[in-house]
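Working notes, structure below.
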Amino acid sequence: MVERLRNHYRIRDERALAAMERIPRHLFVPEALQSHAYADHALPIEFNQTISQPFIVARETELLEVTKDDRVLEIGAGSGYQTAVLAAVAGQVFALERIPDLAREAQARLRSLGIHNAAIKCFDGTYGWNEFAPYRGILVAAAAPEAPKALIDQLAIGGHLVIPIGTETDQRLIRITRTPEGIITEDFGPCQFVKLIGRFGWEK
Ligand code: SAH
């Protein structure tokens, strides 16, 4: 899996690659699908959600450009796999997930893997998590109609928000950087995520 990320997808972030080499992805997918855990695609998890394709996990992590000194926020923790990768490259991870059972199971999974610098809470991530703001990086794992304002407000100066923007069928991976003069927006091409559902996301 990691060889493909490096050679086919040209992921250059060695810390993200090392984390993905080490974290047992099969423990984040339903038992019946464990033999597919290291293949190059997203997989279904409970409640009609998905664990993101390894490439997208690596790509979003790489675009975040965070270090062990940084606090990051993740929206849409799902299985907790991306959370585990972020916990390996960042100092502290705060993650939100709107489905209570997924949030609970993901937190238990991280604990059983000995990951203690990540907290997962059940809450609508379109509000962000103000208590621990500002964040050096904010990673969103579900597609929004536009970047929720709260997330931009909770970014540190110089920090990145990586977020898929678009409809169910037509999305672009966008990186927003907060600078003292305003925001910079970059487009990293088409992508495919489940929808971000919430007060400042999609209605359903
Ligand atoms: N990174 C996860 C991706 C899970 S799919 C993984 O690889 O396992 C995206 C997740 O976003 C789903 O679990 C979905 O329930 C969650 N989600 C959608 N809208 C949300 C919102 N407003 N706040 C928090 N989580 C949300």
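Chain labels run A, B, ... following the order of the structure tokens; each chain numbers its residues from 1, and ligands are numbered from 1 in the order shown.
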
field: For Gly159 of chain A: contacts at 7 Å, only C-alpha atoms, fewer than 5 positions along chain excluded, given as a list in words
entry: Tyr135, Arg136, Gly137, Thr177 and Arg178 of chain A

Please save N, CA and C atoms of the selected residues as an mmCIF file, in the first residue's frame.
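File produced: part_10.cif:
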```
data_model
loop_
_atom_site.group_PDB
_atom_site.id
_atom_site.type_symbol
_atom_site.label_atom_id
_atom_site.label_comp_id
_atom_site.auth_asym_id
_atom_site.auth_seq_id
_atom_site.Cartn_x
_atom_site.Cartn_y
_atom_site.Cartn_z
ATOM 1 N N TYR A 135 -6.125 26.065 15.526
ATOM 2 C CA TYR A 135 -5.466 24.852 15.045
ATOM 3 C C TYR A 135 -4.515 25.192 13.903
ATOM 4 N N ARG A 136 -3.396 24.521 13.888
ATOM 5 C CA ARG A 136 -2.431 24.684 12.797
ATOM 6 C C ARG A 136 -2.953 24.020 11.516
ATOM 7 N N GLY A 137 -3.734 22.972 11.715
ATOM 8 C CA GLY A 137 -4.326 22.293 10.566
ATOM 9 C C GLY A 137 -5.735 21.826 10.893
ATOM 10 N N THR A 177 -5.564 28.589 3.222
ATOM 11 C CA THR A 177 -4.516 28.998 4.160
ATOM 12 C C THR A 177 -4.887 30.359 4.724
ATOM 13 N N ARG A 178 -4.802 30.474 6.035
ATOM 14 C CA ARG A 178 -5.121 31.753 6.665
ATOM 15 C C ARG A 178 -3.843 32.572 6.795
#
```

Taking only C-alpha atoms and all ligand atoms into account, produce a table as CSV in which each residue of chain A with an atom at most 9 Å from an atom of ligand 1 appears once, together with its shortest atom pair and the distance in Å to one decimal, ordered by chain and rising number.
```
residue,atom,partner,partner_atom_place_in_ligand_line,distance
A:Phe28,CA,ligand 1,8 (O),7.4
A:Val29,CA,ligand 1,8 (O),8.3
A:Ala42,CA,ligand 1,7 (O),8.0
A:Leu43,CA,ligand 1,8 (O),8.8
A:Pro44,CA,ligand 1,5 (S),8.9
A:Ile45,CA,ligand 1,8 (O),7.6
A:Glu46,CA,ligand 1,13 (O),8.5
A:Phe47,CA,ligand 1,15 (O),7.7
A:Asn48,CA,ligand 1,15 (O),8.3
A:Gln49,CA,ligand 1,12 (C),5.2
A:Thr50,CA,ligand 1,5 (S),4.6
A:Ile51,CA,ligand 1,8 (O),3.5
A:Ser52,CA,ligand 1,7 (O),4.0
A:Gln53,CA,ligand 1,7 (O),7.3
A:Pro54,CA,ligand 1,7 (O),8.2
A:Ile56,CA,ligand 1,7 (O),8.9
A:Val57,CA,ligand 1,7 (O),7.0
A:Glu74,CA,ligand 1,1 (N),8.2
A:Ile75,CA,ligand 1,24 (C),5.1
A:Gly76,CA,ligand 1,11 (O),3.1
A:Ala77,CA,ligand 1,2 (C),4.7
A:Gly78,CA,ligand 1,13 (O),3.4
A:Ser79,CA,ligand 1,8 (O),3.7
A:Gly80,CA,ligand 1,8 (O),5.3
A:Tyr81,CA,ligand 1,7 (O),5.2
A:Gln82,CA,ligand 1,1 (N),4.7
A:Thr83,CA,ligand 1,1 (N),6.9
A:Ala95,CA,ligand 1,24 (C),8.3
A:Leu96,CA,ligand 1,24 (C),5.0
A:Glu97,CA,ligand 1,25 (N),3.6
A:Arg98,CA,ligand 1,24 (C),4.1
A:Ile99,CA,ligand 1,15 (O),5.3
A:Pro100,CA,ligand 1,15 (O),8.8
A:Leu102,CA,ligand 1,13 (O),6.7
A:Ala103,CA,ligand 1,13 (O),8.2
A:Ala106,CA,ligand 1,8 (O),8.6
A:Lys121,CA,ligand 1,24 (C),8.9
A:Cys122,CA,ligand 1,24 (C),7.2
A:Phe123,CA,ligand 1,24 (C),6.0
A:Asp124,CA,ligand 1,23 (N),3.9
A:Gly125,CA,ligand 1,23 (N),3.5
A:Thr126,CA,ligand 1,22 (N),5.0
A:Tyr127,CA,ligand 1,22 (N),8.0
A:Gly128,CA,ligand 1,23 (N),8.4
A:Val140,CA,ligand 1,11 (O),7.9
A:Ala141,CA,ligand 1,9 (C),5.0
A:Ala142,CA,ligand 1,9 (C),4.9
A:Ala143,CA,ligand 1,18 (C),8.1
A:Ala144,CA,ligand 1,19 (N),8.5
A:Phe193,CA,ligand 1,5 (S),7.0
A:Val194,CA,ligand 1,9 (C),5.9
A:Lys195,CA,ligand 1,18 (C),5.9
A:Leu196,CA,ligand 1,19 (N),3.6
A:Ile197,CA,ligand 1,19 (N),4.0
A:Gly198,CA,ligand 1,22 (N),4.2
A:Arg199,CA,ligand 1,22 (N),7.3
A:Phe200,CA,ligand 1,22 (N),7.7
A:Gly201,CA,ligand 1,22 (N),6.4
A:Trp202,CA,ligand 1,19 (N),8.2
```

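Relative to atom CA of Lys204 of chain A, atom CA of Val85 of chain A is found at 28.3 Å.
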
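Excluding His116 of chain A itself and same-chain residues fewer than 4 positions from it, the residues having an atom within 9 Å of it are Ala87, Gln92, Leu110 and Arg111 of chain A, counting only C-alpha atoms.
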
- prompt: Can you list, as a PyMOL selection string, every residue of segment 13-160 of chain A that DSSP puts in strand (DSSP E or B)?
  reply: chain A and resi 43-44+50-51+71-75+92-97+118-122+135-140+143-144+155-160

- request: Kindly indicate which residue among A:Pro30, A:Gly114, A:Pro134, A:Pro164 lies nearest to Ala150 of chain A, using only C-alpha atoms for the distances.
  value: A:Pro134

message: Need to verify the contact set: segment 14-19 of chain A, 8 Å, only C-alpha atoms, exclusion of same-chain residues closer than 5 positions in sequence. Can you return it as a list in words?
response: Val2, Leu5, Arg6, Ala58, Thr61, Glu62, Val85, Ala88 and Val89 of chain A

Dump as a PDB file, in the first residue's frame, selection limited to C-alpha atoms:
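File out.pdb, as written:
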```pdb
ATOM      1  CA  VAL A   2       2.719   2.470   0.985  1.00  0.00           C
ATOM      2  CA  LEU A   5       1.390   5.827  -2.368  1.00  0.00           C
ATOM      3  CA  ARG A   6       5.029   6.660  -2.920  1.00  0.00           C
ATOM      4  CA  ALA A  58      -2.031  10.432   2.649  1.00  0.00           C
ATOM      5  CA  THR A  61      -2.283  14.657   5.616  1.00  0.00           C
ATOM      6  CA  GLU A  62       0.492  15.833   3.314  1.00  0.00           C
ATOM      7  CA  VAL A  85      -2.370   8.951  11.094  1.00  0.00           C
ATOM      8  CA  ALA A  88       1.439  10.221  14.438  1.00  0.00           C
ATOM      9  CA  VAL A  89       2.392  13.426  12.611  1.00  0.00           C
TER      10      VAL A  89
END
```

field: helix (DSSP H, G or I) residues, from DSSP on the backbone, in segment 33-134 of chain A, as number ranges by chain
entry: A: 33-36, 54-64, 81-89, 100-112, 125-127, 130-132

query: Which neighbours of Ile152 of chain A fall inside 9 Å, counting only C-alpha atoms, when residues of the same chain fewer than 2 positions from it are skipped, and could you give them as a PyMOL selection string?
result: chain A and resi 138+147-150+154-156+160-161+176-178+183

Suppose we keep C-alpha atoms; can you now write the selection as a compact mmCIF listing (two decimals), in the first residue's frame?
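As written to disk, result14.txt reads:
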```txt
# COMPACT_ATOMS: atom_id res chain seq x y z
CA ILE A 138 -7.97 21.37 10.04
CA ALA A 147 -15.96 25.94 3.73
CA PRO A 148 -17.81 26.50 7.05
CA LYS A 149 -16.84 29.92 8.42
CA ALA A 150 -16.23 28.54 11.93
CA GLN A 154 -10.50 28.44 14.18
CA LEU A 155 -7.39 28.27 11.98
CA ALA A 156 -4.11 29.68 13.28
CA HIS A 160 -4.21 25.12 6.52
CA LEU A 161 -7.79 23.89 6.17
CA ILE A 176 -7.42 27.25 2.43
CA THR A 177 -4.52 29.00 4.16
CA ARG A 178 -5.12 31.75 6.67
CA ILE A 183 -7.19 33.66 2.94
```

query: Leaving out Thr179 of chain A and any residue of its chain fewer than 3 positions from it, which residues lie within 7 Å of it when counting only C-alpha atoms, given as a list of chain:residue names?
result: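 Surrounding residues, per the criterion: A:Ile157, A:Gly158, A:Gly182, A:Ile183.
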
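Take atom CA of Pro145 of chain A and atom CA of Ile120 of chain A: the distance between them is 23.9 Å.
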
Test item: residues at most 8 Å from Phe188 of chain A, only C-alpha atoms, excluding those fewer than 6 positions along its chain, as a list in words: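 Contacts, in chain order: Arg172, Leu173, Ile174 and Arg175 of chain A.
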
Restricting the output to N, CA and C atoms, write the selected residues as a compact mmCIF listing (two decimals), in the first residue's frame.
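Saved the output as again.txt:
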```txt
# COMPACT_ATOMS: atom_id res chain seq x y z
N ARG A 172 -14.08 19.00 -5.39
CA ARG A 172 -12.67 19.34 -5.55
C ARG A 172 -12.02 19.36 -4.17
N LEU A 173 -10.77 18.93 -4.09
CA LEU A 173 -10.04 19.00 -2.83
C LEU A 173 -9.40 20.39 -2.73
N ILE A 174 -9.81 21.15 -1.73
CA ILE A 174 -9.41 22.55 -1.60
C ILE A 174 -8.55 22.74 -0.35
N ARG A 175 -7.52 23.58 -0.48
CA ARG A 175 -6.74 23.96 0.70
C ARG A 175 -6.85 25.47 0.89
```

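Among the candidates A:Asp70, A:Leu151, A:Pro24, A:His41, the one nearest to Gln192 of chain A when counting only C-alpha atoms is A:His41.
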